[in-house]
Structure formats: structure tokens, C-alpha cells
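Data block below; observations after.
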Amino acid sequence: MSKPFNDWPNDAGFDVVHEEREPVELQISGNIPRYVSGTLYRTGPGGYQVAADNGKTFSIDHWFDGFSQNHRFQIIQSDDSTRVIYNSRRSVDPLIENIRKTGKLAGFSFGQKRDPCVSFFKKVMSMFIPEPQPPQDQINVGVTLSVNPPGLKDVDTSQGTKKGGHASGIQSLWVKTDAAHMREIDPETLEPMGLATQTVLHPELTGNLSAAHAKSDPVTGDIFNYNLALGRQQIYKIFRVSAATGKTDIIATIIDAPGAYLHSSLITENYFILCIWSGQYSWGGAKILWEQNLLDAIAPFDSSIKALWYVIDRKHGKGVVATYECDPFFCFHTINAWEEPSFSDPSQVDIIADLSIYENLDVLKRFYYNGIKSTSPGSLDYVGEKRSGSCDVFLRRWRLPGVNTTIDTPSEAREAVTVHTAERGHSCDLPVINPRFLTKPSRYIYGVCDRGLSTFFDGIVKYDTETHTPTYWSVHGHNPGEPIFVPNPEGTAEDDGVLLSVVLDGLTERSYLLVLDAKSMKEVGRASMECIVGFGFHGVYRPQDVAGPGTDI
């Protein structure tokens, strides 16, 4: 086996077969603040390889298609101690078993390459007679999580299994992906319960695609997202799920934008913003049927096709009230947006939007396993002297000037103005902010950084958007996951709180839950583990004894 690049091993975090179905107590060191009392959930890929009955080892190609596994860290504070209890469980055992028997992956995926032996004729026929999709229990869902999401309270996916009534206040837990289906899992055991589609929210949400990141109104708890139907005409339906009533209404329909891979969106106090960045599907989406995956169906980056911004009124039923355009880019994760009085006309507002962006689509193909594992020769194409910069992430702020709320239809698209772009080494992906500042002006952005020290993420950065300076947490050989911001309930400063991140010590091949002071970026405590937690995507933290829906970001 090749040596890890820069003596920074990470392979162990990509092929995890271990589960902790029975809760185990972790070893605490340092001081976890008393206000950190609740449950942290994480989701994302565990393993990616299966020993098949035909004697061969089947391997998933792309990190986004790894076998989903969910994790639960219960943080318990008492008068004289802090305890952290951990359990985990895969959610796709039937899928793994089917691969073991057949030696192949059935159905659609994000980036799994089609079998080169499949004939041209069979590919053509799949365009007209799609292959049967796998059973529901074999559908891989594991990108983001929602706690007590509105609209799904009365949806029963339990298949006769007893559910509900958890002491933590968590009544339901759902895992989502960039499709219009969601999987319910038990909030305590993490047992997969069943699948539902967005049609249970509203019968007109019939498209197959959506954003894994819905957006929550931080005041009302209402949820906003889009549903995308592909075809000759691509149709985006923007919808709201009321936290008060559980009812869903469609607040806008967009038919003049190309269907694209959009992982997230933005909201402000009064608006929902859908940005159609690069990532358009070829042939109106029909190429997905040909390729049987999303990645190879995405059209090549075209520097002549502008990114489009749709600003949708979410309070008064006016639909799309403004459109903007800017130079093309790609994005996984938006960060925050808010409204300010317009420079040119005080009766209007400007929208400020922060995003983590890429200059083209190359990063999508970097995330094949052979591009990110520390011992993979392919990963060396993205580090050291070979690093071209095409996969670098940048924090960028835009201003959408003069949103006009007094007209019924928006005028011709105006320019979305770039305000600031952070340096590469200061930027991050999997970005988060203090959730108290959602839809409000925010100064600090936290996320995982890639400064070329490893073949994957090599630290956590706090970026100050006022001074344009970074502060890092980084330990050689330690591979962090997405940070989750837990605010100090008695604090008022934006950076008064802690960050929770699951980190793999690649040198010892053990994971730990890291607790960082969000102001200083210094470690204040950790919960050490005797096992490996796979490199997942996203998590959600739920404070103890808090009622109502969680926050989707």
C-alpha cells in the first residue's frame, strides 16, 4: 500500500463497517460547557466496499454514494459530571445484501459509473423503458437530517414498529438527500423506519429532485424548499411547510430556468432565494436515464452561461419579485442572507448573500474515492505541485441591489454584484454560522478547510468577514468533519458558543467528538472513542427539552 500523502492518513474514515447499535459511554477530557446538553446527530457514508458472492469485491466509485450510516451523540449534563453516550447504525443493510448477492448496484446513483459491458441498445432502451427501481429499503438516503420537521408528524413509515414518545423531546427524525424522498429513522436506536416522498406534503410536488438542505424561518419554524420536475420543460415549485398547521403551499413556480443540481438555497426575513448556478442537467434531465447517475448527466461547465438568482416573496404571495444574474460558478452550500436598505432607494432593499463557491465543476469529480483517499495515487492530482486550483473553494459575498416589492412582475434580470471573495486559504466548505444570526447580518463563518496539507479536509477555520482574517484549528493527521455551532444561551456576542466536530485521528485510527471555543478556536474538551466514525456529510444538534421543529440550514 502507498504511504499517505504528507503522512496524513485518512483511508480509515472512508470504509467503516463497524456499528455501535448498543449505546456506549465515551471518555471525556477537558471541559464541555454546561449549556451543551442535548443530542448531536450525524449522517453520511460509512463503508463503500462489499465482498460479493462471486468472489469479487464491489466498490462504490463516488463518496456521495457511500453506504449511509447514522450516528447519535447524547450529551448529558448533571450536577457534577458530563457524560457522552454514542450509538450508530447503518440504514441500508438490504442494499448491501443485494450487492453481495448480485455483485452490482441497481438503480440510480449520484456518481456510480455504468457497467462498460452494458450494450448501446440497452442504454437506448433504458431511455424509453426505465429499469425497475430497487425496493424502498434499498434506497440510499443520508446527506442531511431534520428533527421534528413540520408536515411529517402524521406520516407513518413505521411498518408496524412502535414509534414516538422520546424523553429527549425528539418525536421524529428524518434523513434527506438531493431527491424528493426522505427516510425516517428512530431517534434513539437509529433503526430505519421507511420512506416518504414530497407528495405527502403536497400532491403537486411530483418532481424527483430537491435540495438536501431545506431552509427554516428562524422565527416561525416554517420550512422552505424547491421541488424540481425534469422533462421538456423543467419546473421548479417553491413550497412552504407551515410549522403551525403542518400544511404545505406552493409560493412560486419557475419555468424559465434550466434544471440543475442545487444542493441548497437561501432565505431572508421576507424572501426565499433560489440561485441556479452551474450544474445544469443535459437533455432536460433525460441524460440521467442514459447514465443512471446524476454526475455524468450534468453538462460541462460553460463560462458563457450566467448564474441566475430568483428572489421570491415568501410572506405576501407575490411570487418571483426580482431576478439577477452574475458570472457562472458552482456551489454546494449557501451560508446566510439578509436584507439591508438599498443604497439607491430607501423604499427598496438590497439582499446580501454569502456562499461557499467553486469556479467550475471540477470539484464534483474530485470526490471520487480515488481522488480523496490519502493512499490513492489519484489523490495526488489535487495536492502539491499538481494542484491546479480548479477545485479550490472560496467564500464569496454578493449584493442583490434594489429588490422591488411594489411591482407584480420582475423586470429584466439585473446584476448580482460581488462584494468580496476570501482568499483560498481562508475559505471553507461545509460552512456554518451561529444559528441565532440566520437571516441577520453575520460576521463569522466556520467550516472545514483544505489548504493542501492532506488529500481531504485538514482543519477548521473561523473567517472574519469584517477584517478578512482567518483563525484555524488544525492538528497534523487529524481529519475534521463539519462543525456544528452551539450558541451560549446566556451570551450575546456572535462568536459566544462552541463548535462540535467529529474528528478522525488518522494516526491512531480512532475518532473523537471535538469541542472548540468558537471565539478562540481552542479545544476546550473532547469525547474520545474506541472506534472510527466515517467521514459523513452533515449533522444537527438538538438542545435538551426544546419543543417544536428543529432548524434546517
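By order of appearance in the C-alpha cells: chains A, B, ..., then residues from 1 within every chain, and ligands from 1 in the order shown.
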Residues of stretch 53-111 of chain A within 12 Å of stretch 182-201 of chain A: nearest atom pair and distance (Å, one decimal) for each, counting only C-alpha atoms, sorted by chain and number, as CSV?
```
residue,atom,partner,partner_atom,distance
A:Ser68,CA,A:Pro192,CA,10.7
A:Gln69,CA,A:Leu190,CA,9.1
A:Asn70,CA,A:Leu190,CA,6.7
A:His71,CA,A:Leu190,CA,7.6
A:Arg72,CA,A:Glu188,CA,7.7
A:Phe73,CA,A:Glu188,CA,10.1
A:Gln74,CA,A:Glu188,CA,9.5
A:Ile85,CA,A:Glu188,CA,11.1
A:Tyr86,CA,A:Glu188,CA,10.2
A:Asn87,CA,A:Thr189,CA,7.6
A:Ser88,CA,A:Leu190,CA,6.9
A:Arg89,CA,A:Leu190,CA,6.0
A:Arg90,CA,A:Glu191,CA,8.1
A:Ser91,CA,A:Pro192,CA,5.5
A:Val92,CA,A:Pro192,CA,8.1
A:Asp93,CA,A:Pro192,CA,9.7
A:Pro94,CA,A:Pro192,CA,10.9
```
Next on the checklist: Excluding stretch 26-33 of chain A and its own-chain neighbours fewer than 4 positions away, which residues fall within 6 Å of it when counting only C-alpha atoms? Please give them as an MDAnalysis selection string.
Outcome noted: chainID A and resid 84 524:529
Would you put the residues from that selection into a file with N, CA, C and O atoms, as an mmCIF file, in the first residue's frame?
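Once written, part_14.cif looks like this:
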```cif
data_model
loop_
_atom_site.group_PDB
_atom_site.id
_atom_site.type_symbol
_atom_site.label_atom_id
_atom_site.label_comp_id
_atom_site.auth_asym_id
_atom_site.auth_seq_id
_atom_site.Cartn_x
_atom_site.Cartn_y
_atom_site.Cartn_z
ATOM 1 N N VAL A 84 -21.141 11.540 27.689
ATOM 2 C CA VAL A 84 -21.487 11.470 26.264
ATOM 3 C C VAL A 84 -21.724 10.009 25.911
ATOM 4 O O VAL A 84 -20.837 9.164 26.097
ATOM 5 N N VAL A 524 -11.605 22.950 24.045
ATOM 6 C CA VAL A 524 -11.968 23.015 25.459
ATOM 7 C C VAL A 524 -12.320 21.644 26.021
ATOM 8 O O VAL A 524 -12.313 21.444 27.236
ATOM 9 N N GLY A 525 -12.633 20.698 25.145
ATOM 10 C CA GLY A 525 -12.956 19.362 25.605
ATOM 11 C C GLY A 525 -13.127 18.413 24.441
ATOM 12 O O GLY A 525 -13.176 18.830 23.275
ATOM 13 N N ARG A 526 -13.186 17.144 24.783
ATOM 14 C CA ARG A 526 -13.442 16.127 23.763
ATOM 15 C C ARG A 526 -14.025 14.884 24.418
ATOM 16 O O ARG A 526 -13.873 14.668 25.626
ATOM 17 N N ALA A 527 -14.680 14.068 23.586
ATOM 18 C CA ALA A 527 -15.169 12.755 23.996
ATOM 19 C C ALA A 527 -14.507 11.731 23.084
ATOM 20 O O ALA A 527 -14.787 11.682 21.879
ATOM 21 N N SER A 528 -13.587 10.942 23.641
ATOM 22 C CA SER A 528 -12.782 10.017 22.847
ATOM 23 C C SER A 528 -13.505 8.693 22.635
ATOM 24 O O SER A 528 -14.235 8.214 23.505
ATOM 25 N N MET A 529 -13.251 8.087 21.482
ATOM 26 C CA MET A 529 -13.935 6.873 21.083
ATOM 27 C C MET A 529 -12.935 5.754 20.852
ATOM 28 O O MET A 529 -11.744 6.001 20.593
#
```
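Here the strand (DSSP E) residues in stretch 21-59 of chain A, by DSSP on the backbone, are Val24, Glu25, Gln27, Ile28, Ser29, Gly30, Gly38, Thr39, Leu40, Tyr41, Arg42, Thr43, Gly44, Pro45, Gln49, Val50, Ala51, Thr57, Phe58 and Ser59 of chain A.
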Mind writing the picked residues with N, CA, C and O atoms as a short mmCIF file (atom, residue, chain, number, x, y, z; two decimals), in the first residue's frame?
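New file again-v9.cif:
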```
data_model
loop_
_atom_site.label_atom_id
_atom_site.label_comp_id
_atom_site.auth_asym_id
_atom_site.auth_seq_id
_atom_site.Cartn_x
_atom_site.Cartn_y
_atom_site.Cartn_z
N VAL A 24 -22.77 3.22 23.94
CA VAL A 24 -21.55 3.11 24.73
C VAL A 24 -21.20 4.49 25.28
O VAL A 24 -21.51 5.52 24.66
N GLU A 25 -20.57 4.53 26.44
CA GLU A 25 -20.17 5.80 27.04
C GLU A 25 -18.75 6.14 26.62
O GLU A 25 -17.85 5.28 26.64
N GLN A 27 -15.11 8.51 26.67
CA GLN A 27 -14.19 9.04 27.67
C GLN A 27 -14.07 10.55 27.51
O GLN A 27 -13.68 11.04 26.43
N ILE A 28 -14.38 11.30 28.56
CA ILE A 28 -14.37 12.76 28.49
C ILE A 28 -13.02 13.29 28.98
O ILE A 28 -12.48 12.83 29.98
N SER A 29 -12.51 14.30 28.27
CA SER A 29 -11.35 15.04 28.75
C SER A 29 -11.62 16.52 28.53
O SER A 29 -12.39 16.90 27.65
N GLY A 30 -10.98 17.36 29.34
CA GLY A 30 -11.24 18.79 29.24
C GLY A 30 -12.58 19.14 29.85
O GLY A 30 -13.10 18.45 30.73
N GLY A 38 -27.65 18.03 25.11
CA GLY A 38 -28.60 17.68 24.07
C GLY A 38 -28.08 16.53 23.24
O GLY A 38 -27.26 15.73 23.70
N THR A 39 -28.53 16.46 21.99
CA THR A 39 -28.18 15.34 21.12
C THR A 39 -27.63 15.85 19.80
O THR A 39 -28.24 16.73 19.16
N LEU A 40 -26.49 15.32 19.41
CA LEU A 40 -25.90 15.60 18.10
C LEU A 40 -26.10 14.37 17.22
O LEU A 40 -25.69 13.26 17.60
N TYR A 41 -26.73 14.57 16.08
CA TYR A 41 -26.86 13.51 15.09
C TYR A 41 -25.94 13.81 13.91
O TYR A 41 -25.74 14.97 13.55
N ARG A 42 -25.40 12.75 13.34
CA ARG A 42 -24.58 12.87 12.13
C ARG A 42 -25.04 11.82 11.12
O ARG A 42 -25.47 10.72 11.50
N THR A 43 -24.92 12.18 9.83
CA THR A 43 -25.25 11.21 8.79
C THR A 43 -24.25 11.33 7.65
O THR A 43 -23.62 12.37 7.47
N GLY A 44 -24.14 10.27 6.88
CA GLY A 44 -23.23 10.26 5.73
C GLY A 44 -22.72 8.87 5.46
O GLY A 44 -23.17 7.88 6.06
N PRO A 45 -21.77 8.74 4.56
CA PRO A 45 -21.27 7.42 4.18
C PRO A 45 -20.50 6.74 5.31
O PRO A 45 -19.81 7.38 6.09
N GLN A 49 -17.36 -0.68 0.22
CA GLN A 49 -16.97 -1.92 -0.44
C GLN A 49 -17.78 -3.09 0.11
O GLN A 49 -18.15 -3.10 1.29
N VAL A 50 -18.06 -4.08 -0.77
CA VAL A 50 -18.81 -5.27 -0.39
C VAL A 50 -18.13 -6.49 -1.00
O VAL A 50 -17.85 -6.51 -2.21
N ALA A 51 -17.86 -7.51 -0.18
CA ALA A 51 -17.34 -8.78 -0.68
C ALA A 51 -18.53 -9.56 -1.26
O ALA A 51 -19.40 -10.02 -0.52
N THR A 57 -14.75 -8.10 -5.13
CA THR A 57 -15.09 -7.01 -4.22
C THR A 57 -15.73 -5.90 -5.02
O THR A 57 -15.11 -5.34 -5.94
N PHE A 58 -16.98 -5.60 -4.69
CA PHE A 58 -17.67 -4.49 -5.35
C PHE A 58 -17.32 -3.20 -4.62
O PHE A 58 -17.35 -3.14 -3.39
N SER A 59 -17.03 -2.15 -5.38
CA SER A 59 -16.67 -0.86 -4.78
C SER A 59 -17.55 0.25 -5.33
O SER A 59 -17.76 0.35 -6.55
#
```
Item to check | 12 Å contact set for A:His538, only C-alpha atoms, chain neighbours under 4 positions out, as a ChimeraX atom specification | outcome: /A:40-45,68-71,142-146,175-177,212-213,333,429-432,447-448,481-484,500-502,534,552-553
Checklist entry - So which residues touch A:Asp249 within 8 Å, counting only C-alpha atoms, skipping near sequence neighbours fewer than 2 positions away, as a PyMOL selection string? => result chain A and resi 202+239-241+247+251
For N, CA and C atoms, I'd like the residues from the last selection saved as a short mmCIF file (atom, residue, chain, number, x, y, z; two decimals), in the first residue's frame.
```cif
data_model
loop_
_atom_site.label_atom_id
_atom_site.label_comp_id
_atom_site.auth_asym_id
_atom_site.auth_seq_id
_atom_site.Cartn_x
_atom_site.Cartn_y
_atom_site.Cartn_z
N HIS A 202 -47.55 17.79 -0.38
CA HIS A 202 -48.46 18.45 -1.33
C HIS A 202 -48.52 17.58 -2.58
N PHE A 239 -41.92 25.76 -2.28
CA PHE A 239 -43.00 25.49 -1.34
C PHE A 239 -42.61 25.83 0.10
N ARG A 240 -43.66 26.04 0.89
CA ARG A 240 -43.52 26.33 2.32
C ARG A 240 -44.35 25.32 3.10
N VAL A 241 -43.75 24.77 4.17
CA VAL A 241 -44.48 23.91 5.09
C VAL A 241 -44.65 24.68 6.39
N LYS A 247 -49.45 22.35 7.15
CA LYS A 247 -49.92 22.41 5.77
C LYS A 247 -48.83 22.97 4.86
N ILE A 251 -45.50 28.56 -3.21
CA ILE A 251 -45.45 30.02 -3.21
C ILE A 251 -44.90 30.58 -4.51
#
```
